[in-house]
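Worksheet: one structure, shown below.
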Amino acid sequence: MNYESPHEIKAVLEKCGITLKKRWGQNFLINRGAREKIVRILAPQPTDTIWEIGPGLGALTVLLLDHIQILIAFEIDRGLVRWLEAEFAGASGLMVCQGDVLKNWMSMYQKQGMPDKICGNLPYNSASAIILSFIRNDFSAQRMVFTVQRELANRITAQPGSKNYSGFSVLCQSMFKIETAGELKPGSFFPQPDVLSTIIMLAPEKRINSQEEKDLFFKLVRAGFSSRRKILKNNIKHSPDFSATQRQQILDLLVNDYDIDTLRAEELSVESFIVLARSMVK
Ligand code: SAM
């Protein structure tokens, strides 16, 4: 199939009786240069097992299969799954897993083990939930290349003090080394989305030492950013995640280095959140 041709995509969708659903972010990548770039950044090796999230009609799948033998693709749309199974019938290494990747990735991991790499032009509505689900479960391939809405990429990479810096930025940066690898204009997709997209590359970076430290870190981030209007001290004071003793411990630790009567979570670096959690571990 010619993946650069909106005309051909429309014809395939019509022939298969597939109507596009906005909630599944079905914007197909028609820019050949962008597809090749994503694959180049992913750097697939012949022995790699790769997961693809949301293969759609297979614009990336077809390029990936040129390089590797095992590709597991998670696609929610039954019509697209039927198309992929027919179009790639000769590709013995391709396994298409029908359903919501958020519900299916864990059991696939338990059955098939950790993939070497993961990629996907992520559906805009679920991109943050997918990344968060990997973070919560301490799951990361050695390299993950995703296309996400530019606003989400800005939140993922935001630095302390900036308007985009949030609990999500802290969680992402606590677990991954993140690089942005270029922007894609709406015209790179069919149908065109209303937003710009950014290619991001994530690689695991172990900064948290133990499960106890991680639990405390997650609680600190959740409590810290629970109300952006409040200073950190007040968010901690009202957090149901901590005992009275822990709340006091946090304030005692913070008071050594900060003016806790003005300090906001947005001012604390990722490292500071980690150090704070580490100091709380008995
Ligand atoms: N990779 C294709 C491309 O680049 O042309 C399609 C990308 S399109 C932005 C997102 C794809 O993810 C769609 O095929 C959509 O059906 C699928 N999708 C959306 N939500 C999903 C979910 N929760 N689990 C699995 N696939 C999903």
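We name chains A, B, ... following the order of the structure tokens; residues begin at 1 in each chain, and ligands are numbered from 1 as shown.
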Going by DSSP on the backbone, which bits of range 38-126 of chain A are strand (DSSP E or B)? Write them as a PyMOL selection string, please.
-> chain A and resi 49-53+70-75+94-98+117-121
Using only C-alpha atoms and all ligand atoms, find each protein or nucleic acid residue lying at most 9 Å from ligand 1; present the set as a VMD selection string.
-> chain A and resid 3 20 to 21 23 to 30 35 52 to 61 73 to 78 80 to 81 97 to 104 119 to 127 130 147 to 148 189 to 190
Can you list, as a compact mmCIF listing (two decimals) with N, CA, C and O atoms, in the first residue's frame, every protein, DNA or RNA residue that comes within 10 Å of Phe225 in chain A when you count only C-alpha atoms, leaving out same-chain residues fewer than 4 positions away?
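Ended up saving to result-v5.txt:
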# COMPACT_ATOMS: atom_id res chain seq x y z
N TYR A 165 5.78 22.64 33.96
CA TYR A 165 6.34 21.69 34.92
C TYR A 165 5.24 21.20 35.86
O TYR A 165 4.54 21.99 36.49
N SER A 166 5.08 19.87 35.92
CA SER A 166 3.97 19.29 36.69
C SER A 166 4.45 17.99 37.32
O SER A 166 5.59 17.55 37.09
N GLY A 167 3.55 17.36 38.06
CA GLY A 167 3.86 16.06 38.63
C GLY A 167 4.24 15.06 37.54
O GLY A 167 5.13 14.22 37.71
N PHE A 168 3.58 15.19 36.39
CA PHE A 168 3.87 14.28 35.27
C PHE A 168 5.31 14.46 34.77
O PHE A 168 6.01 13.49 34.48
N LEU A 220 5.03 11.93 47.44
CA LEU A 220 5.49 13.33 47.55
C LEU A 220 5.08 14.13 46.32
O LEU A 220 4.63 15.27 46.43
N VAL A 221 5.24 13.51 45.15
CA VAL A 221 4.90 14.22 43.91
C VAL A 221 3.39 14.46 43.86
O VAL A 221 2.94 15.57 43.55
N ARG A 229 -2.38 26.02 43.47
CA ARG A 229 -2.53 27.34 44.10
C ARG A 229 -1.83 27.38 45.46
O ARG A 229 -1.49 28.43 45.95
N LYS A 230 -1.63 26.20 46.05
CA LYS A 230 -1.12 26.18 47.42
C LYS A 230 0.40 26.02 47.46
O LYS A 230 0.98 25.40 46.56
N ILE A 231 0.99 26.53 48.54
CA ILE A 231 2.43 26.28 48.73
C ILE A 231 2.60 24.82 49.13
O ILE A 231 1.67 24.17 49.61
N LEU A 232 3.84 24.32 48.93
CA LEU A 232 4.10 22.89 49.16
C LEU A 232 3.74 22.48 50.58
O LEU A 232 3.14 21.41 50.82
N ASN A 235 0.12 21.76 50.91
CA ASN A 235 -0.27 20.53 50.20
C ASN A 235 0.14 19.29 51.00
O ASN A 235 -0.59 18.31 51.07
N ILE A 236 1.33 19.34 51.57
CA ILE A 236 1.81 18.19 52.37
C ILE A 236 0.93 18.04 53.62
O ILE A 236 0.51 16.93 53.98
N ARG A 264 6.97 26.31 46.50
CA ARG A 264 5.95 25.58 45.76
C ARG A 264 6.58 24.36 45.09
O ARG A 264 7.77 24.39 44.75
N ALA A 265 5.76 23.32 44.87
CA ALA A 265 6.28 22.08 44.25
C ALA A 265 6.94 22.40 42.91
O ALA A 265 7.94 21.77 42.54
N GLU A 266 6.41 23.38 42.18
CA GLU A 266 6.94 23.71 40.85
C GLU A 266 8.39 24.19 40.89
O GLU A 266 9.06 24.25 39.87
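Using only C-alpha atoms, the shortest contact distance between Lys282 in chain A and any of A:Ile260, A:Leu216, A:Leu71, A:Val12 is found at A:Leu216.
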Tell me, as number ranges by chain, which residues lie within 9 Å of Ile70 in chain A, counting only C-alpha atoms; anything in the same chain fewer than 6 positions away does not count.
-> A: 46-51, 92-95
Hey, can you spit out that residue selection with all heavy atoms as a PDB file, in the first residue's frame?
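File again-v8.pdb, as written:
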ATOM      1  N   PRO A  46      18.486  -6.703  14.060  1.00  0.00           N
ATOM      2  CA  PRO A  46      17.813  -7.920  13.577  1.00  0.00           C
ATOM      3  C   PRO A  46      17.281  -8.812  14.691  1.00  0.00           C
ATOM      4  O   PRO A  46      16.256  -9.454  14.530  1.00  0.00           O
ATOM      5  CB  PRO A  46      18.908  -8.637  12.785  1.00  0.00           C
ATOM      6  CG  PRO A  46      19.871  -7.567  12.405  1.00  0.00           C
ATOM      7  CD  PRO A  46      19.813  -6.508  13.450  1.00  0.00           C
ATOM      8  N   THR A  47      17.951  -8.848  15.846  1.00  0.00           N
ATOM      9  CA  THR A  47      17.503  -9.776  16.905  1.00  0.00           C
ATOM     10  C   THR A  47      16.523  -9.114  17.882  1.00  0.00           C
ATOM     11  O   THR A  47      16.080  -9.753  18.835  1.00  0.00           O
ATOM     12  CB  THR A  47      18.716 -10.277  17.720  1.00  0.00           C
ATOM     13  OG1 THR A  47      19.413  -9.113  18.187  1.00  0.00           O
ATOM     14  CG2 THR A  47      19.629 -11.152  16.899  1.00  0.00           C
ATOM     15  N   ASP A  48      16.188  -7.847  17.651  1.00  0.00           N
ATOM     16  CA  ASP A  48      15.293  -7.140  18.581  1.00  0.00           C
ATOM     17  C   ASP A  48      13.866  -7.673  18.520  1.00  0.00           C
ATOM     18  O   ASP A  48      13.356  -8.017  17.447  1.00  0.00           O
ATOM     19  CB  ASP A  48      15.205  -5.647  18.223  1.00  0.00           C
ATOM     20  CG  ASP A  48      16.407  -4.855  18.723  1.00  0.00           C
ATOM     21  OD1 ASP A  48      17.174  -5.401  19.529  1.00  0.00           O
ATOM     22  OD2 ASP A  48      16.562  -3.687  18.300  1.00  0.00           O
ATOM     23  N   THR A  49      13.224  -7.671  19.707  1.00  0.00           N
ATOM     24  CA  THR A  49      11.771  -7.800  19.757  1.00  0.00           C
ATOM     25  C   THR A  49      11.248  -6.391  19.983  1.00  0.00           C
ATOM     26  O   THR A  49      11.679  -5.698  20.912  1.00  0.00           O
ATOM     27  CB  THR A  49      11.351  -8.686  20.953  1.00  0.00           C
ATOM     28  OG1 THR A  49      11.818  -9.999  20.706  1.00  0.00           O
ATOM     29  CG2 THR A  49       9.843  -8.709  21.112  1.00  0.00           C
ATOM     30  N   ILE A  50      10.346  -5.992  19.115  1.00  0.00           N
ATOM     31  CA  ILE A  50       9.836  -4.613  19.213  1.00  0.00           C
ATOM     32  C   ILE A  50       8.334  -4.629  19.427  1.00  0.00           C
ATOM     33  O   ILE A  50       7.626  -5.467  18.848  1.00  0.00           O
ATOM     34  CB  ILE A  50      10.237  -3.816  17.950  1.00  0.00           C
ATOM     35  CG1 ILE A  50      11.767  -3.668  17.946  1.00  0.00           C
ATOM     36  CG2 ILE A  50       9.546  -2.449  17.927  1.00  0.00           C
ATOM     37  CD1 ILE A  50      12.332  -2.728  16.945  1.00  0.00           C
ATOM     38  N   TRP A  51       7.871  -3.735  20.270  1.00  0.00           N
ATOM     39  CA  TRP A  51       6.433  -3.513  20.425  1.00  0.00           C
ATOM     40  C   TRP A  51       6.082  -2.230  19.684  1.00  0.00           C
ATOM     41  O   TRP A  51       6.797  -1.217  19.798  1.00  0.00           O
ATOM     42  CB  TRP A  51       6.057  -3.290  21.895  1.00  0.00           C
ATOM     43  CG  TRP A  51       6.012  -4.516  22.749  1.00  0.00           C
ATOM     44  CD1 TRP A  51       6.432  -5.778  22.425  1.00  0.00           C
ATOM     45  CD2 TRP A  51       5.524  -4.576  24.098  1.00  0.00           C
ATOM     46  NE1 TRP A  51       6.229  -6.613  23.491  1.00  0.00           N
ATOM     47  CE2 TRP A  51       5.676  -5.908  24.529  1.00  0.00           C
ATOM     48  CE3 TRP A  51       4.990  -3.639  24.975  1.00  0.00           C
ATOM     49  CZ2 TRP A  51       5.313  -6.333  25.806  1.00  0.00           C
ATOM     50  CZ3 TRP A  51       4.622  -4.053  26.242  1.00  0.00           C
ATOM     51  CH2 TRP A  51       4.775  -5.389  26.648  1.00  0.00           C
ATOM     52  N   SER A  92       5.696 -13.633   9.200  1.00  0.00           N
ATOM     53  CA  SER A  92       5.483 -14.603  10.286  1.00  0.00           C
ATOM     54  C   SER A  92       5.851 -14.017  11.654  1.00  0.00           C
ATOM     55  O   SER A  92       5.360 -14.482  12.677  1.00  0.00           O
ATOM     56  CB  SER A  92       6.288 -15.866  10.012  1.00  0.00           C
ATOM     57  OG  SER A  92       7.643 -15.514   9.868  1.00  0.00           O
ATOM     58  N   GLY A  93       6.707 -13.021  11.698  1.00  0.00           N
ATOM     59  CA  GLY A  93       7.150 -12.481  12.995  1.00  0.00           C
ATOM     60  C   GLY A  93       6.221 -11.432  13.577  1.00  0.00           C
ATOM     61  O   GLY A  93       6.475 -10.913  14.659  1.00  0.00           O
ATOM     62  N   LEU A  94       5.144 -11.121  12.859  1.00  0.00           N
ATOM     63  CA  LEU A  94       4.241 -10.070  13.364  1.00  0.00           C
ATOM     64  C   LEU A  94       3.099 -10.694  14.160  1.00  0.00           C
ATOM     65  O   LEU A  94       2.403 -11.581  13.664  1.00  0.00           O
ATOM     66  CB  LEU A  94       3.665  -9.260  12.195  1.00  0.00           C
ATOM     67  CG  LEU A  94       2.597  -8.234  12.578  1.00  0.00           C
ATOM     68  CD1 LEU A  94       3.183  -7.107  13.437  1.00  0.00           C
ATOM     69  CD2 LEU A  94       1.926  -7.635  11.334  1.00  0.00           C
ATOM     70  N   MET A  95       2.921 -10.220  15.387  1.00  0.00           N
ATOM     71  CA  MET A  95       1.780 -10.642  16.194  1.00  0.00           C
ATOM     72  C   MET A  95       0.942  -9.402  16.478  1.00  0.00           C
ATOM     73  O   MET A  95       1.462  -8.409  17.003  1.00  0.00           O
ATOM     74  CB  MET A  95       2.287 -11.221  17.521  1.00  0.00           C
ATOM     75  CG  MET A  95       1.179 -11.786  18.394  1.00  0.00           C
ATOM     76  SD  MET A  95       1.721 -12.022  20.108  1.00  0.00           S
ATOM     77  CE  MET A  95       3.000 -13.191  19.924  1.00  0.00           C
TER      78      MET A  95
END
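Closest approach to Gln248 in chain A from the set A:Ala89, A:Ile118, A:Met280, A:Cys16 is made by A:Met280, with distances taken over only C-alpha atoms.
Rounded to one decimal, CA of Phe242 in chain A and CA of Glu212 in chain A lie 13.4 Å from each other.
Each of A:Arg136, A:Arg150, A:Arg32, A:Lys163 was checked against Leu196 in chain A using only C-alpha atoms; the smallest atom-to-atom distance is that of A:Arg150.
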List as a PDB file with all heavy atoms, in the first residue's frame the protein and nucleic acid residues near range 201-204 of chain A, meaning an atom at most 9 Å away when only C-alpha atoms are counted, but skip any in the same chain fewer than 2 places from it.
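New file part05.pdb:
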ATOM      1  N   ILE A  41      15.637   6.461  14.540  1.00  0.00           N
ATOM      2  CA  ILE A  41      15.925   6.781  15.949  1.00  0.00           C
ATOM      3  C   ILE A  41      15.748   5.536  16.824  1.00  0.00           C
ATOM      4  O   ILE A  41      16.477   5.321  17.774  1.00  0.00           O
ATOM      5  CB  ILE A  41      14.997   7.916  16.444  1.00  0.00           C
ATOM      6  CG1 ILE A  41      15.240   9.184  15.632  1.00  0.00           C
ATOM      7  CG2 ILE A  41      15.229   8.217  17.915  1.00  0.00           C
ATOM      8  CD1 ILE A  41      14.179  10.228  15.846  1.00  0.00           C
ATOM      9  N   LEU A  42      14.780   4.726  16.465  1.00  0.00           N
ATOM     10  CA  LEU A  42      14.547   3.492  17.238  1.00  0.00           C
ATOM     11  C   LEU A  42      15.725   2.523  17.068  1.00  0.00           C
ATOM     12  O   LEU A  42      16.033   1.743  17.954  1.00  0.00           O
ATOM     13  CB  LEU A  42      13.236   2.834  16.790  1.00  0.00           C
ATOM     14  CG  LEU A  42      12.719   1.730  17.678  1.00  0.00           C
ATOM     15  CD1 LEU A  42      12.236   2.296  19.013  1.00  0.00           C
ATOM     16  CD2 LEU A  42      11.589   0.957  17.005  1.00  0.00           C
ATOM     17  N   PHE A 139       8.327  -0.144  34.146  1.00  0.00           N
ATOM     18  CA  PHE A 139       8.510  -0.880  32.902  1.00  0.00           C
ATOM     19  C   PHE A 139       9.150   0.029  31.873  1.00  0.00           C
ATOM     20  O   PHE A 139       8.658   1.126  31.611  1.00  0.00           O
ATOM     21  CB  PHE A 139       7.124  -1.335  32.419  1.00  0.00           C
ATOM     22  CG  PHE A 139       7.139  -2.005  31.079  1.00  0.00           C
ATOM     23  CD1 PHE A 139       7.409  -3.356  30.979  1.00  0.00           C
ATOM     24  CD2 PHE A 139       6.870  -1.282  29.928  1.00  0.00           C
ATOM     25  CE1 PHE A 139       7.407  -3.977  29.737  1.00  0.00           C
ATOM     26  CE2 PHE A 139       6.874  -1.898  28.694  1.00  0.00           C
ATOM     27  CZ  PHE A 139       7.146  -3.253  28.599  1.00  0.00           C
ATOM     28  N   SER A 140      10.248  -0.439  31.310  1.00  0.00           N
ATOM     29  CA  SER A 140      10.836   0.342  30.227  1.00  0.00           C
ATOM     30  C   SER A 140      11.696  -0.539  29.351  1.00  0.00           C
ATOM     31  O   SER A 140      12.521  -1.296  29.856  1.00  0.00           O
ATOM     32  CB  SER A 140      11.704   1.469  30.789  1.00  0.00           C
ATOM     33  OG  SER A 140      12.375   2.102  29.729  1.00  0.00           O
ATOM     34  N   ALA A 141      11.494  -0.426  28.059  1.00  0.00           N
ATOM     35  CA  ALA A 141      12.417  -1.077  27.125  1.00  0.00           C
ATOM     36  C   ALA A 141      13.690  -0.236  27.100  1.00  0.00           C
ATOM     37  O   ALA A 141      13.725   0.871  27.636  1.00  0.00           O
ATOM     38  CB  ALA A 141      11.777  -1.142  25.747  1.00  0.00           C
ATOM     39  N   GLN A 142      14.725  -0.753  26.460  1.00  0.00           N
ATOM     40  CA  GLN A 142      15.991   0.016  26.442  1.00  0.00           C
ATOM     41  C   GLN A 142      15.873   1.301  25.624  1.00  0.00           C
ATOM     42  O   GLN A 142      16.641   2.238  25.818  1.00  0.00           O
ATOM     43  CB  GLN A 142      17.145  -0.853  25.930  1.00  0.00           C
ATOM     44  CG  GLN A 142      16.826  -1.484  24.588  1.00  0.00           C
ATOM     45  CD  GLN A 142      17.940  -2.334  24.045  1.00  0.00           C
ATOM     46  OE1 GLN A 142      18.730  -1.839  23.264  1.00  0.00           O
ATOM     47  NE2 GLN A 142      18.002  -3.584  24.437  1.00  0.00           N
ATOM     48  N   ARG A 143      14.906   1.352  24.725  1.00  0.00           N
ATOM     49  CA  ARG A 143      14.664   2.583  23.970  1.00  0.00           C
ATOM     50  C   ARG A 143      13.196   2.642  23.565  1.00  0.00           C
ATOM     51  O   ARG A 143      12.632   1.628  23.129  1.00  0.00           O
ATOM     52  CB  ARG A 143      15.552   2.597  22.728  1.00  0.00           C
ATOM     53  CG  ARG A 143      15.425   3.848  21.899  1.00  0.00           C
ATOM     54  CD  ARG A 143      16.400   3.832  20.758  1.00  0.00           C
ATOM     55  NE  ARG A 143      17.776   3.916  21.239  1.00  0.00           N
ATOM     56  CZ  ARG A 143      18.781   4.425  20.538  1.00  0.00           C
ATOM     57  NH1 ARG A 143      18.556   4.902  19.336  1.00  0.00           N
ATOM     58  NH2 ARG A 143      20.000   4.450  21.018  1.00  0.00           N
ATOM     59  N   MET A 144      12.586   3.808  23.724  1.00  0.00           N
ATOM     60  CA  MET A 144      11.183   3.962  23.313  1.00  0.00           C
ATOM     61  C   MET A 144      11.074   5.265  22.505  1.00  0.00           C
ATOM     62  O   MET A 144      11.550   6.317  22.959  1.00  0.00           O
ATOM     63  CB  MET A 144      10.279   4.027  24.552  1.00  0.00           C
ATOM     64  CG  MET A 144      10.461   2.802  25.443  1.00  0.00           C
ATOM     65  SD  MET A 144       9.175   2.566  26.661  1.00  0.00           S
ATOM     66  CE  MET A 144       9.649   3.786  27.868  1.00  0.00           C
ATOM     67  N   VAL A 145      10.509   5.147  21.339  1.00  0.00           N
ATOM     68  CA  VAL A 145      10.358   6.334  20.480  1.00  0.00           C
ATOM     69  C   VAL A 145       8.871   6.540  20.210  1.00  0.00           C
ATOM     70  O   VAL A 145       8.208   5.658  19.647  1.00  0.00           O
ATOM     71  CB  VAL A 145      11.147   6.175  19.161  1.00  0.00           C
ATOM     72  CG1 VAL A 145      10.949   7.405  18.275  1.00  0.00           C
ATOM     73  CG2 VAL A 145      12.627   5.970  19.445  1.00  0.00           C
ATOM     74  N   PHE A 146       8.369   7.693  20.643  1.00  0.00           N
ATOM     75  CA  PHE A 146       6.941   7.971  20.502  1.00  0.00           C
ATOM     76  C   PHE A 146       6.713   9.313  19.810  1.00  0.00           C
ATOM     77  O   PHE A 146       7.489  10.256  20.003  1.00  0.00           O
ATOM     78  CB  PHE A 146       6.267   8.070  21.882  1.00  0.00           C
ATOM     79  CG  PHE A 146       6.316   6.792  22.689  1.00  0.00           C
ATOM     80  CD1 PHE A 146       6.687   6.815  24.033  1.00  0.00           C
ATOM     81  CD2 PHE A 146       5.982   5.571  22.123  1.00  0.00           C
ATOM     82  CE1 PHE A 146       6.728   5.639  24.782  1.00  0.00           C
ATOM     83  CE2 PHE A 146       6.016   4.395  22.863  1.00  0.00           C
ATOM     84  CZ  PHE A 146       6.391   4.436  24.202  1.00  0.00           C
ATOM     85  N   THR A 147       5.636   9.384  19.060  1.00  0.00           N
ATOM     86  CA  THR A 147       5.168  10.688  18.593  1.00  0.00           C
ATOM     87  C   THR A 147       3.999  11.068  19.484  1.00  0.00           C
ATOM     88  O   THR A 147       3.072  10.270  19.655  1.00  0.00           O
ATOM     89  CB  THR A 147       4.684  10.594  17.129  1.00  0.00           C
ATOM     90  OG1 THR A 147       5.750  10.065  16.355  1.00  0.00           O
ATOM     91  CG2 THR A 147       4.325  11.968  16.590  1.00  0.00           C
ATOM     92  N   MET A 175      12.367   8.658  35.762  1.00  0.00           N
ATOM     93  CA  MET A 175      12.559   7.292  35.273  1.00  0.00           C
ATOM     94  C   MET A 175      13.279   7.218  33.928  1.00  0.00           C
ATOM     95  O   MET A 175      13.909   6.217  33.618  1.00  0.00           O
ATOM     96  CB  MET A 175      11.181   6.641  35.149  1.00  0.00           C
ATOM     97  CG  MET A 175      11.212   5.280  34.573  1.00  0.00           C
ATOM     98  SD  MET A 175      10.113   4.163  35.412  1.00  0.00           S
ATOM     99  CE  MET A 175      10.257   2.741  34.334  1.00  0.00           C
ATOM    100  N   PHE A 176      13.171   8.305  33.135  1.00  0.00           N
ATOM    101  CA  PHE A 176      13.730   8.241  31.785  1.00  0.00           C
ATOM    102  C   PHE A 176      14.681   9.397  31.500  1.00  0.00           C
ATOM    103  O   PHE A 176      14.470  10.518  31.980  1.00  0.00           O
ATOM    104  CB  PHE A 176      12.615   8.340  30.732  1.00  0.00           C
ATOM    105  CG  PHE A 176      11.546   7.299  30.857  1.00  0.00           C
ATOM    106  CD1 PHE A 176      10.228   7.661  31.060  1.00  0.00           C
ATOM    107  CD2 PHE A 176      11.862   5.952  30.753  1.00  0.00           C
ATOM    108  CE1 PHE A 176       9.225   6.700  31.157  1.00  0.00           C
ATOM    109  CE2 PHE A 176      10.868   4.979  30.845  1.00  0.00           C
ATOM    110  CZ  PHE A 176       9.550   5.359  31.053  1.00  0.00           C
ATOM    111  N   LYS A 177      15.654   9.094  30.658  1.00  0.00           N
ATOM    112  CA  LYS A 177      16.424  10.149  30.012  1.00  0.00           C
ATOM    113  C   LYS A 177      15.604  10.467  28.766  1.00  0.00           C
ATOM    114  O   LYS A 177      15.224   9.545  28.014  1.00  0.00           O
ATOM    115  CB  LYS A 177      17.788   9.591  29.642  1.00  0.00           C
ATOM    116  CG  LYS A 177      18.741  10.577  29.068  1.00  0.00           C
ATOM    117  CD  LYS A 177      20.116   9.901  29.019  1.00  0.00           C
ATOM    118  CE  LYS A 177      21.110  10.743  28.282  1.00  0.00           C
ATOM    119  NZ  LYS A 177      20.761  11.037  26.893  1.00  0.00           N
ATOM    120  N   ILE A 178      15.288  11.738  28.559  1.00  0.00           N
ATOM    121  CA  ILE A 178      14.339  12.082  27.489  1.00  0.00           C
ATOM    122  C   ILE A 178      14.987  13.022  26.481  1.00  0.00           C
ATOM    123  O   ILE A 178      15.618  14.014  26.864  1.00  0.00           O
ATOM    124  CB  ILE A 178      13.091  12.772  28.105  1.00  0.00           C
ATOM    125  CG1 ILE A 178      12.460  11.847  29.147  1.00  0.00           C
ATOM    126  CG2 ILE A 178      12.081  13.139  27.022  1.00  0.00           C
ATOM    127  CD1 ILE A 178      11.653  12.561  30.194  1.00  0.00           C
ATOM    128  N   GLU A 179      14.817  12.696  25.225  1.00  0.00           N
ATOM    129  CA  GLU A 179      15.301  13.616  24.175  1.00  0.00           C
ATOM    130  C   GLU A 179      14.166  13.890  23.213  1.00  0.00           C
ATOM    131  O   GLU A 179      13.378  12.981  22.910  1.00  0.00           O
ATOM    132  CB  GLU A 179      16.448  12.973  23.393  1.00  0.00           C
ATOM    133  CG  GLU A 179      17.755  12.967  24.135  1.00  0.00           C
ATOM    134  CD  GLU A 179      18.824  12.159  23.396  1.00  0.00           C
ATOM    135  OE1 GLU A 179      18.829  12.189  22.144  1.00  0.00           O
ATOM    136  OE2 GLU A 179      19.606  11.500  24.076  1.00  0.00           O
ATOM    137  N   THR A 180      14.084  15.122  22.717  1.00  0.00           N
ATOM    138  CA  THR A 180      13.111  15.374  21.659  1.00  0.00           C
ATOM    139  C   THR A 180      13.863  15.270  20.326  1.00  0.00           C
ATOM    140  O   THR A 180      15.030  15.633  20.233  1.00  0.00           O
ATOM    141  CB  THR A 180      12.443  16.763  21.787  1.00  0.00           C
ATOM    142  OG1 THR A 180      13.470  17.740  21.859  1.00  0.00           O
ATOM    143  CG2 THR A 180      11.579  16.852  23.011  1.00  0.00           C
ATOM    144  N   ALA A 181      13.166  14.768  19.326  1.00  0.00           N
ATOM    145  CA  ALA A 181      13.860  14.487  18.059  1.00  0.00           C
ATOM    146  C   ALA A 181      13.132  15.116  16.877  1.00  0.00           C
ATOM    147  O   ALA A 181      13.150  14.573  15.778  1.00  0.00           O
ATOM    148  CB  ALA A 181      13.992  12.988  17.885  1.00  0.00           C
ATOM    149  N   ILE A 199       8.375  14.210  18.186  1.00  0.00           N
ATOM    150  CA  ILE A 199       8.942  12.857  18.360  1.00  0.00           C
ATOM    151  C   ILE A 199       9.821  12.907  19.610  1.00  0.00           C
ATOM    152  O   ILE A 199      10.675  13.800  19.743  1.00  0.00           O
ATOM    153  CB  ILE A 199       9.811  12.456  17.147  1.00  0.00           C
ATOM    154  CG1 ILE A 199       9.000  12.532  15.850  1.00  0.00           C
ATOM    155  CG2 ILE A 199      10.388  11.055  17.333  1.00  0.00           C
ATOM    156  CD1 ILE A 199       9.839  12.375  14.577  1.00  0.00           C
ATOM    157  N   LYS A 206      18.021   4.891  35.858  1.00  0.00           N
ATOM    158  CA  LYS A 206      17.662   4.488  37.216  1.00  0.00           C
ATOM    159  C   LYS A 206      18.133   5.536  38.215  1.00  0.00           C
ATOM    160  O   LYS A 206      19.321   5.710  38.447  1.00  0.00           O
ATOM    161  CB  LYS A 206      18.276   3.124  37.540  1.00  0.00           C
ATOM    162  CG  LYS A 206      17.665   2.512  38.764  1.00  0.00           C
ATOM    163  CD  LYS A 206      17.863   0.999  38.819  1.00  0.00           C
ATOM    164  CE  LYS A 206      17.419   0.423  40.150  1.00  0.00           C
ATOM    165  NZ  LYS A 206      16.102   0.833  40.585  1.00  0.00           N
TER     166      LYS A 206
END
Name the residues of range 34-221 of chain A that fall into alpha helix (DSSP H) according to DSSP on the backbone, using the chain letters and numbers of this document, as a PyMOL selection string.
-> chain A and resi 34-42+61-64+78-87+101-112+127-136+150-157+167-175+211-221
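Our summary of the geometry notes that CA of Ile200 in chain A is positioned 28.8 Å from CA of Thr19 in chain A.
Compared by their closest atoms to Ile208 in chain A, and using only C-alpha atoms, the residues A:Glu151, A:Asp138, A:Glu36, A:Glu87 rank with A:Asp138 nearest.
All residues of protein, DNA or RNA that reach within 9 Å of Thr157 in chain A, judged by only C-alpha atoms and not counting those fewer than 2 positions away in the chain, are Leu152, Ala153, Asn154, Arg155, Gln159, Asn164, Tyr165, Ser169, Val170, Cys172, Gln173, Ile178, Glu179 and Thr180 of chain A.
Taking CA of Met114 in chain A as the reference point, CA of Pro44 in chain A is found at 15.0 Å.
Comparing A:Gln246, A:Asn209, A:Ser174, A:Gln149 by their smallest distance to Leu132 in chain A, the closest is A:Ser174 (using only C-alpha atoms).
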